[in-house]
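Source file: final-v8.txt (compact mmCIF, N, CA and C atoms)
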# COMPACT_ATOMS: atom_id res chain seq x y z
N MET A 18 106.41 116.08 151.02
CA MET A 18 107.56 115.20 151.18
C MET A 18 107.12 113.78 151.56
N ARG A 19 106.11 113.70 152.42
CA ARG A 19 105.60 112.39 152.85
C ARG A 19 105.03 111.61 151.66
N ASN A 20 104.30 112.30 150.79
CA ASN A 20 103.72 111.62 149.63
C ASN A 20 104.79 111.09 148.69
N LEU A 21 105.86 111.85 148.49
CA LEU A 21 106.96 111.40 147.65
C LEU A 21 107.60 110.15 148.25
N LYS A 22 107.76 110.15 149.57
CA LYS A 22 108.35 109.00 150.25
C LYS A 22 107.46 107.77 150.08
N LEU A 23 106.15 107.94 150.14
CA LEU A 23 105.23 106.82 149.94
C LEU A 23 105.32 106.28 148.51
N VAL A 24 105.40 107.18 147.55
CA VAL A 24 105.50 106.76 146.15
C VAL A 24 106.81 106.01 145.92
N LEU A 25 107.90 106.54 146.43
CA LEU A 25 109.20 105.87 146.27
C LEU A 25 109.20 104.51 146.95
N ALA A 26 108.60 104.43 148.13
CA ALA A 26 108.52 103.15 148.84
C ALA A 26 107.69 102.15 148.04
N PHE A 27 106.60 102.62 147.46
CA PHE A 27 105.73 101.75 146.67
C PHE A 27 106.47 101.25 145.43
N VAL A 28 107.13 102.14 144.73
CA VAL A 28 107.88 101.75 143.52
C VAL A 28 108.99 100.76 143.88
N ALA A 29 109.70 101.02 144.97
CA ALA A 29 110.76 100.10 145.40
C ALA A 29 110.19 98.73 145.72
N ALA A 30 109.04 98.69 146.39
CA ALA A 30 108.41 97.41 146.75
C ALA A 30 108.01 96.64 145.50
N VAL A 31 107.46 97.34 144.52
CA VAL A 31 107.05 96.69 143.27
C VAL A 31 108.27 96.16 142.53
N ILE A 32 109.33 96.95 142.46
CA ILE A 32 110.54 96.52 141.75
C ILE A 32 111.16 95.30 142.43
N VAL A 33 111.31 95.35 143.73
CA VAL A 33 111.89 94.22 144.48
C VAL A 33 111.07 92.96 144.25
N THR A 34 109.77 93.07 144.36
CA THR A 34 108.90 91.90 144.21
C THR A 34 108.90 91.38 142.77
N THR A 35 108.90 92.28 141.82
CA THR A 35 108.92 91.86 140.41
C THR A 35 110.20 91.10 140.10
N ILE A 36 111.32 91.63 140.54
CA ILE A 36 112.60 90.96 140.28
C ILE A 36 112.67 89.62 140.99
N LEU A 37 112.33 89.60 142.28
CA LEU A 37 112.37 88.33 143.02
C LEU A 37 111.37 87.32 142.45
N GLY A 38 110.17 87.79 142.13
CA GLY A 38 109.18 86.88 141.56
C GLY A 38 109.65 86.27 140.26
N ALA A 39 110.28 87.06 139.41
CA ALA A 39 110.81 86.55 138.14
C ALA A 39 111.96 85.57 138.38
N VAL A 40 112.83 85.90 139.32
CA VAL A 40 113.94 84.99 139.65
C VAL A 40 113.40 83.66 140.17
N PHE A 41 112.45 83.72 141.11
CA PHE A 41 111.86 82.49 141.65
C PHE A 41 111.18 81.68 140.55
N HIS A 42 110.44 82.35 139.69
CA HIS A 42 109.78 81.69 138.57
C HIS A 42 110.80 80.92 137.72
N THR A 43 111.84 81.62 137.32
CA THR A 43 112.86 81.01 136.46
C THR A 43 113.51 79.81 137.12
N GLN A 44 113.87 79.95 138.38
CA GLN A 44 114.57 78.86 139.05
C GLN A 44 113.66 77.65 139.28
N PHE A 45 112.38 77.88 139.51
CA PHE A 45 111.47 76.74 139.65
C PHE A 45 111.27 76.03 138.32
N VAL A 46 111.19 76.77 137.24
CA VAL A 46 111.07 76.14 135.92
C VAL A 46 112.34 75.36 135.59
N ILE A 47 113.49 75.96 135.82
CA ILE A 47 114.76 75.26 135.56
C ILE A 47 114.89 74.05 136.48
N GLY A 48 114.41 74.18 137.70
CA GLY A 48 114.43 73.04 138.62
C GLY A 48 113.65 71.85 138.08
N ARG A 49 112.53 72.12 137.43
CA ARG A 49 111.75 71.04 136.82
C ARG A 49 112.52 70.39 135.67
N LEU A 50 113.26 71.20 134.92
CA LEU A 50 114.08 70.64 133.85
C LEU A 50 115.16 69.73 134.41
N THR A 51 115.81 70.18 135.47
CA THR A 51 116.87 69.34 136.06
C THR A 51 116.28 68.08 136.69
N ASP A 52 115.04 68.15 137.19
CA ASP A 52 114.37 66.95 137.71
C ASP A 52 114.16 65.91 136.61
N MET A 53 114.04 66.39 135.35
CA MET A 53 113.87 65.49 134.22
C MET A 53 115.22 65.03 133.66
N GLY A 54 116.31 65.42 134.32
CA GLY A 54 117.63 64.97 133.90
C GLY A 54 118.32 65.89 132.91
N ILE A 55 117.77 67.06 132.69
CA ILE A 55 118.38 68.01 131.77
C ILE A 55 119.35 68.89 132.54
N ALA A 56 120.59 68.89 132.10
CA ALA A 56 121.61 69.71 132.76
C ALA A 56 121.48 71.16 132.30
N VAL A 57 121.46 72.07 133.24
CA VAL A 57 121.37 73.49 132.91
C VAL A 57 122.58 74.18 133.54
N PRO A 58 123.57 74.54 132.74
CA PRO A 58 124.77 75.19 133.27
C PRO A 58 124.45 76.53 133.93
N PHE A 59 125.32 76.96 134.82
CA PHE A 59 125.11 78.21 135.55
C PHE A 59 124.95 79.39 134.60
N ALA A 60 125.74 79.45 133.54
CA ALA A 60 125.64 80.57 132.59
C ALA A 60 124.26 80.62 131.95
N ASP A 61 123.68 79.45 131.65
CA ASP A 61 122.33 79.41 131.09
C ASP A 61 121.29 79.82 132.12
N ARG A 62 121.49 79.40 133.37
CA ARG A 62 120.59 79.81 134.45
C ARG A 62 120.59 81.34 134.57
N LEU A 63 121.78 81.90 134.55
CA LEU A 63 121.91 83.35 134.71
C LEU A 63 121.29 84.09 133.53
N SER A 64 121.61 83.69 132.32
CA SER A 64 121.07 84.40 131.16
C SER A 64 119.55 84.24 131.07
N THR A 65 119.05 83.06 131.40
CA THR A 65 117.60 82.84 131.39
C THR A 65 116.92 83.69 132.45
N THR A 66 117.53 83.78 133.61
CA THR A 66 116.98 84.59 134.69
C THR A 66 116.90 86.05 134.28
N LEU A 67 117.98 86.58 133.73
CA LEU A 67 117.99 87.98 133.30
C LEU A 67 116.97 88.23 132.18
N HIS A 68 116.87 87.27 131.26
CA HIS A 68 115.89 87.38 130.17
C HIS A 68 114.47 87.39 130.75
N ASP A 69 114.20 86.52 131.70
CA ASP A 69 112.86 86.46 132.29
C ASP A 69 112.53 87.72 133.08
N ILE A 70 113.51 88.27 133.79
CA ILE A 70 113.26 89.51 134.52
C ILE A 70 112.83 90.60 133.54
N ALA A 71 113.60 90.74 132.46
CA ALA A 71 113.29 91.78 131.47
C ALA A 71 111.96 91.51 130.77
N GLY A 72 111.68 90.27 130.47
CA GLY A 72 110.46 89.94 129.75
C GLY A 72 109.21 89.99 130.61
N MET A 73 109.33 89.60 131.86
CA MET A 73 108.16 89.56 132.75
C MET A 73 107.87 90.90 133.41
N ALA A 74 108.88 91.73 133.57
CA ALA A 74 108.76 92.94 134.39
C ALA A 74 107.58 93.84 134.02
N PRO A 75 107.37 94.17 132.75
CA PRO A 75 106.29 95.13 132.47
C PRO A 75 104.91 94.64 132.94
N LEU A 76 104.48 93.48 132.49
CA LEU A 76 103.14 93.01 132.83
C LEU A 76 103.05 92.50 134.27
N PHE A 77 104.03 91.71 134.69
CA PHE A 77 104.03 91.18 136.04
C PHE A 77 104.13 92.33 137.05
N GLY A 78 104.92 93.34 136.72
CA GLY A 78 105.05 94.51 137.59
C GLY A 78 103.73 95.24 137.74
N LEU A 79 102.96 95.35 136.66
CA LEU A 79 101.64 95.98 136.74
C LEU A 79 100.68 95.18 137.61
N VAL A 80 100.72 93.87 137.48
CA VAL A 80 99.88 93.01 138.31
C VAL A 80 100.25 93.18 139.78
N ILE A 81 101.54 93.19 140.05
CA ILE A 81 102.01 93.37 141.42
C ILE A 81 101.61 94.74 141.95
N ALA A 82 101.79 95.77 141.14
CA ALA A 82 101.42 97.13 141.57
C ALA A 82 99.94 97.23 141.91
N GLY A 83 99.10 96.63 141.08
CA GLY A 83 97.66 96.64 141.36
C GLY A 83 97.32 95.92 142.65
N GLY A 84 97.93 94.77 142.83
CA GLY A 84 97.69 94.01 144.07
C GLY A 84 98.21 94.73 145.29
N PHE A 85 99.40 95.31 145.17
CA PHE A 85 99.98 96.04 146.30
C PHE A 85 99.16 97.27 146.65
N PHE A 86 98.64 97.96 145.65
CA PHE A 86 97.85 99.16 145.92
C PHE A 86 96.68 98.83 146.85
N ILE A 87 95.96 97.79 146.51
CA ILE A 87 94.82 97.39 147.33
C ILE A 87 95.30 96.85 148.69
N ALA A 88 96.30 95.99 148.67
CA ALA A 88 96.76 95.35 149.90
C ALA A 88 97.38 96.36 150.88
N PHE A 89 98.12 97.33 150.34
CA PHE A 89 98.76 98.30 151.24
C PHE A 89 97.76 99.29 151.82
N LEU A 90 96.69 99.58 151.07
CA LEU A 90 95.62 100.40 151.65
C LEU A 90 94.97 99.65 152.81
N ALA A 91 94.70 98.38 152.61
CA ALA A 91 94.13 97.56 153.69
C ALA A 91 95.10 97.46 154.86
N ALA A 92 96.38 97.30 154.57
CA ALA A 92 97.39 97.21 155.63
C ALA A 92 97.46 98.49 156.44
N ALA A 93 97.33 99.62 155.76
CA ALA A 93 97.35 100.91 156.47
C ALA A 93 96.19 100.99 157.45
N LEU A 94 95.02 100.50 157.04
CA LEU A 94 93.87 100.49 157.95
C LEU A 94 94.09 99.54 159.12
N VAL A 95 94.61 98.36 158.82
CA VAL A 95 94.89 97.39 159.89
C VAL A 95 95.87 97.99 160.88
N PHE A 96 96.93 98.58 160.38
CA PHE A 96 97.93 99.16 161.29
C PHE A 96 97.33 100.33 162.08
N ARG A 97 96.53 101.14 161.41
CA ARG A 97 95.94 102.30 162.09
C ARG A 97 95.07 101.87 163.26
N PHE A 98 94.27 100.82 163.07
CA PHE A 98 93.35 100.40 164.13
C PHE A 98 93.98 99.42 165.11
N ALA A 99 94.88 98.57 164.64
CA ALA A 99 95.51 97.60 165.54
C ALA A 99 96.78 98.16 166.16
N GLY A 100 97.52 98.95 165.37
CA GLY A 100 98.72 99.61 165.88
C GLY A 100 99.85 98.68 166.28
N VAL A 101 99.90 97.50 165.68
CA VAL A 101 100.95 96.56 166.06
C VAL A 101 101.78 96.13 164.86
N GLN A 102 103.05 95.95 165.08
CA GLN A 102 103.98 95.35 164.12
C GLN A 102 103.77 95.81 162.68
N ARG A 103 104.04 97.08 162.45
CA ARG A 103 103.84 97.67 161.12
C ARG A 103 104.56 96.88 160.03
N ASN A 104 105.81 96.51 160.27
CA ASN A 104 106.57 95.76 159.26
C ASN A 104 105.89 94.43 158.93
N LEU A 105 105.40 93.76 159.95
CA LEU A 105 104.73 92.47 159.75
C LEU A 105 103.41 92.66 158.99
N VAL A 106 102.66 93.68 159.32
CA VAL A 106 101.38 93.94 158.65
C VAL A 106 101.60 94.13 157.15
N TYR A 107 102.59 94.92 156.78
CA TYR A 107 102.85 95.16 155.36
C TYR A 107 103.45 93.93 154.67
N ALA A 108 104.26 93.17 155.38
CA ALA A 108 104.81 91.95 154.79
C ALA A 108 103.69 90.94 154.50
N VAL A 109 102.78 90.79 155.45
CA VAL A 109 101.64 89.89 155.23
C VAL A 109 100.77 90.40 154.08
N ALA A 110 100.56 91.71 154.03
CA ALA A 110 99.77 92.29 152.94
C ALA A 110 100.42 92.00 151.59
N GLY A 111 101.73 92.12 151.51
CA GLY A 111 102.43 91.83 150.26
C GLY A 111 102.30 90.37 149.86
N ALA A 112 102.44 89.47 150.83
CA ALA A 112 102.29 88.05 150.54
C ALA A 112 100.88 87.73 150.07
N VAL A 113 99.90 88.26 150.76
CA VAL A 113 98.50 88.02 150.38
C VAL A 113 98.21 88.59 148.99
N ALA A 114 98.76 89.76 148.70
CA ALA A 114 98.55 90.36 147.38
C ALA A 114 99.02 89.44 146.27
N LEU A 115 100.19 88.83 146.44
CA LEU A 115 100.70 87.92 145.41
C LEU A 115 99.87 86.65 145.35
N GLY A 116 99.49 86.12 146.50
CA GLY A 116 98.65 84.92 146.52
C GLY A 116 97.32 85.15 145.83
N VAL A 117 96.69 86.28 146.11
CA VAL A 117 95.41 86.60 145.49
C VAL A 117 95.59 86.83 143.99
N ALA A 118 96.61 87.59 143.60
CA ALA A 118 96.84 87.87 142.18
C ALA A 118 97.05 86.58 141.40
N LEU A 119 97.86 85.68 141.92
CA LEU A 119 98.11 84.41 141.24
C LEU A 119 96.84 83.57 141.16
N SER A 120 96.07 83.57 142.23
CA SER A 120 94.82 82.80 142.24
C SER A 120 93.80 83.37 141.26
N VAL A 121 93.69 84.68 141.21
CA VAL A 121 92.75 85.31 140.27
C VAL A 121 93.19 85.03 138.83
N MET A 122 94.49 85.14 138.55
CA MET A 122 94.97 84.85 137.20
C MET A 122 94.68 83.39 136.83
N ALA A 123 94.83 82.49 137.79
CA ALA A 123 94.55 81.08 137.53
C ALA A 123 93.08 80.87 137.21
N MET A 124 92.20 81.58 137.92
CA MET A 124 90.76 81.45 137.65
C MET A 124 90.39 82.06 136.30
N VAL A 125 90.97 83.21 135.99
CA VAL A 125 90.63 83.91 134.74
C VAL A 125 91.16 83.15 133.52
N PHE A 126 92.41 82.72 133.59
CA PHE A 126 93.04 82.08 132.44
C PHE A 126 92.93 80.56 132.45
N ASN A 127 92.40 80.01 133.53
CA ASN A 127 92.27 78.56 133.72
C ASN A 127 93.63 77.85 133.72
N ILE A 128 94.68 78.62 133.97
CA ILE A 128 96.04 78.10 134.13
C ILE A 128 96.84 79.18 134.85
N THR A 129 97.83 78.79 135.58
CA THR A 129 98.67 79.78 136.26
C THR A 129 99.68 80.32 135.26
N PRO A 130 99.54 81.61 134.88
CA PRO A 130 100.45 82.17 133.87
C PRO A 130 101.91 82.21 134.33
N ILE A 131 102.14 82.26 135.61
CA ILE A 131 103.50 82.23 136.14
C ILE A 131 103.84 80.76 136.39
N ALA A 132 104.52 80.15 135.41
CA ALA A 132 104.77 78.71 135.46
C ALA A 132 105.49 78.28 136.74
N GLY A 133 106.37 79.12 137.23
CA GLY A 133 107.11 78.78 138.44
C GLY A 133 106.24 78.71 139.68
N ALA A 134 104.98 79.16 139.58
CA ALA A 134 104.06 79.14 140.73
C ALA A 134 103.04 78.02 140.62
N ARG A 135 103.26 77.08 139.74
CA ARG A 135 102.28 75.99 139.55
C ARG A 135 102.39 74.91 140.62
N SER A 136 103.51 74.87 141.33
CA SER A 136 103.64 73.96 142.47
C SER A 136 103.38 74.76 143.75
N TRP A 137 103.09 74.05 144.83
CA TRP A 137 102.89 74.75 146.10
C TRP A 137 104.15 75.49 146.52
N ALA A 138 105.30 74.87 146.32
CA ALA A 138 106.56 75.53 146.70
C ALA A 138 106.77 76.79 145.88
N GLY A 139 106.47 76.73 144.59
CA GLY A 139 106.61 77.91 143.73
C GLY A 139 105.62 79.00 144.09
N PHE A 140 104.40 78.61 144.43
CA PHE A 140 103.37 79.56 144.85
C PHE A 140 103.81 80.26 146.13
N ILE A 141 104.31 79.49 147.07
CA ILE A 141 104.78 80.06 148.34
C ILE A 141 105.99 80.96 148.12
N ALA A 142 106.87 80.58 147.18
CA ALA A 142 108.03 81.43 146.87
C ALA A 142 107.56 82.78 146.32
N GLN A 143 106.52 82.77 145.48
CA GLN A 143 105.98 84.03 144.96
C GLN A 143 105.40 84.87 146.11
N MET A 144 104.72 84.21 147.03
CA MET A 144 104.18 84.93 148.18
C MET A 144 105.32 85.49 149.06
N ALA A 145 106.43 84.75 149.15
CA ALA A 145 107.59 85.25 149.90
C ALA A 145 108.16 86.49 149.24
N ALA A 146 108.17 86.50 147.91
CA ALA A 146 108.62 87.70 147.19
C ALA A 146 107.72 88.87 147.52
N GLY A 147 106.41 88.62 147.57
CA GLY A 147 105.46 89.66 147.95
C GLY A 147 105.66 90.13 149.38
N ALA A 148 105.95 89.20 150.27
CA ALA A 148 106.20 89.56 151.66
C ALA A 148 107.43 90.45 151.78
N LEU A 149 108.46 90.12 151.05
CA LEU A 149 109.66 90.95 151.09
C LEU A 149 109.37 92.34 150.51
N GLY A 150 108.58 92.40 149.45
CA GLY A 150 108.18 93.69 148.89
C GLY A 150 107.40 94.52 149.91
N GLY A 151 106.49 93.89 150.62
CA GLY A 151 105.73 94.58 151.66
C GLY A 151 106.62 95.09 152.77
N TYR A 152 107.61 94.28 153.13
CA TYR A 152 108.56 94.67 154.16
C TYR A 152 109.39 95.87 153.71
N VAL A 153 109.82 95.85 152.45
CA VAL A 153 110.58 96.97 151.88
C VAL A 153 109.72 98.24 151.94
N PHE A 154 108.45 98.12 151.56
CA PHE A 154 107.55 99.28 151.63
C PHE A 154 107.48 99.81 153.06
N ALA A 155 107.31 98.92 154.02
CA ALA A 155 107.19 99.34 155.42
C ALA A 155 108.46 100.05 155.90
N LEU A 156 109.61 99.53 155.52
CA LEU A 156 110.87 100.14 155.95
C LEU A 156 111.07 101.52 155.36
N ILE A 157 110.85 101.63 154.07
CA ILE A 157 111.13 102.91 153.38
C ILE A 157 110.10 103.98 153.74
N SER A 158 108.84 103.57 153.92
CA SER A 158 107.77 104.54 154.12
C SER A 158 107.55 104.95 155.57
N ARG A 159 108.26 104.32 156.49
CA ARG A 159 107.98 104.62 157.90
C ARG A 159 108.37 106.06 158.22
N VAL A 160 107.62 106.62 159.14
CA VAL A 160 107.85 107.98 159.59
C VAL A 160 108.92 107.93 160.67
N ARG A 161 109.97 108.67 160.45
CA ARG A 161 111.07 108.71 161.44
C ARG A 161 110.77 109.81 162.46
N THR A 162 110.98 109.47 163.70
CA THR A 162 110.80 110.46 164.76
C THR A 162 112.16 110.88 165.28
N ALA A 163 112.26 112.13 165.66
CA ALA A 163 113.55 112.66 166.11
C ALA A 163 113.87 112.28 167.52
Output the file's structure as structure tokens, nothing else.
Amino acid sequence: MRNLKLVLAFVAAVIVTTILGAVFHTQFVIGRLTDMGIAVPFADRLSTTLHDIAGMAPLFGLVIAGGFFIAFLAAALVFRFAGVQRNLVYAVAGAVALGVALSVMAMVFNITPIAGARSWAGFIAQMAAGALGGYVFALISRVRTA
């Protein structure tokens, strides 16, 4: 039962982060368009966001899952030995996972494939999505005591 709970928590964390990361990406790209004076109606923002979630989810979700797998294993060790603030440990692990994944992709491809993360604000927004995913994992996977 514990293993199933861990798997469900992991999948939930990946889904939350993938969706938020795609939303942040889209809004940062649209923000750059509006900075150039291009009007983007709300309906276009919404349809573009939904399109980006669907289009980015498979590959971006795999990248996030790989990063989370490593980061959450490290977080489990940190929590085991430090024993403090489990939710915070996993949130930081999630943020670091996204930061590292984006940095590695930038080094490999010589460009940041997630256009919304090309500014510092966009990069930090992606890390915030990772932090929220880590927090979701910590909440769902925690062991409840009677």
Quiz item: What is the CA of Leu149 (chain A)-atom N of Thr129 (chain A) distance in Å, reported with one decimal?
Solution: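 Straight-line distance from CA of Leu149 (chain A) to atom N of Thr129 (chain A) works out to 23.0 Å.
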Self-check item: 8 Å contact set for region 22-32 of chain A, all atoms listed in the file, chain neighbours under 5 positions out, as number ranges by chain
Solution: A: 37-38, 77-79, 81-82, 85, 147, 149-159
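A straight line drawn from atom N of Gly83 (chain A) to atom N of Ile131 (chain A) is 15.7 Å long.
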Quiz prompt | 6 Å contact set for region 41-54 of chain A, all atoms listed in the file, chain neighbours under 3 positions out, as JSON, numbers by chain | solution = {"A": [36, 37, 38, 66, 132, 133, 134]}
Quiz item: CA of Thr35 (chain A) and CA of Ala99 (chain A), how far apart in Å?
Solution: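 For CA of Ala99 (chain A) relative to CA of Thr35 (chain A), the distance reads 29.1 Å.
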Quiz item: Running DSSP on the backbone, which parts of region 57-144 of chain A land in alpha helix (DSSP H), as a VMD selection string?
Solution: chain A and resid 59 to 99 103 to 126 137 to 144
Quiz prompt | Which residue of A:Val95, A:Ala112, A:Val40, A:Val160 approaches Asp69 (chain A) most closely, using only C-alpha atoms | solution =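 Closest to Asp69 (chain A), using only C-alpha atoms: A:Val40.
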Would you compute, for all listed atoms of region 43-53 of chain A, the axis-aligned bounding box grown by 6 Å on each side, and then report its centre and edge lengths in Å rounded to one decimal, as AutoDock Vina command-line options?
--center_x 114.0 --center_y 73.3 --center_z 136.7 --size_x 17.8 --size_y 28.6 --size_z 18.0
Quiz item: Restricting the calculation to all atoms listed in the file, which member of A:Pro58, A:Gly139, A:Pro130, A:Gly84 is positioned closest to Gly111 (chain A)?
Solution: A:Gly84
Exercise. Would you please work out which residue, of A:Ile70, A:Leu105, A:Ile87, A:Met124, is nearest to Thr34 (chain A) when using only C-alpha atoms?
Key: A:Ile70
Self-check item: Residue with smallest distance to Ala74 (chain A) - pool A:Met18, A:Asn127, A:Ile141, A:Ala39, counting all atoms listed in the file
Solution: A:Ala39
Quiz item: Out of A:Leu67, A:Leu119, A:Leu76, A:Ala114, which residue has the shortest atom-to-atom distance to Leu90 (chain A) when counting only C-alpha atoms?
Solution: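 The shortest atom-to-atom distance to Leu90 (chain A) comes from A:Ala114.
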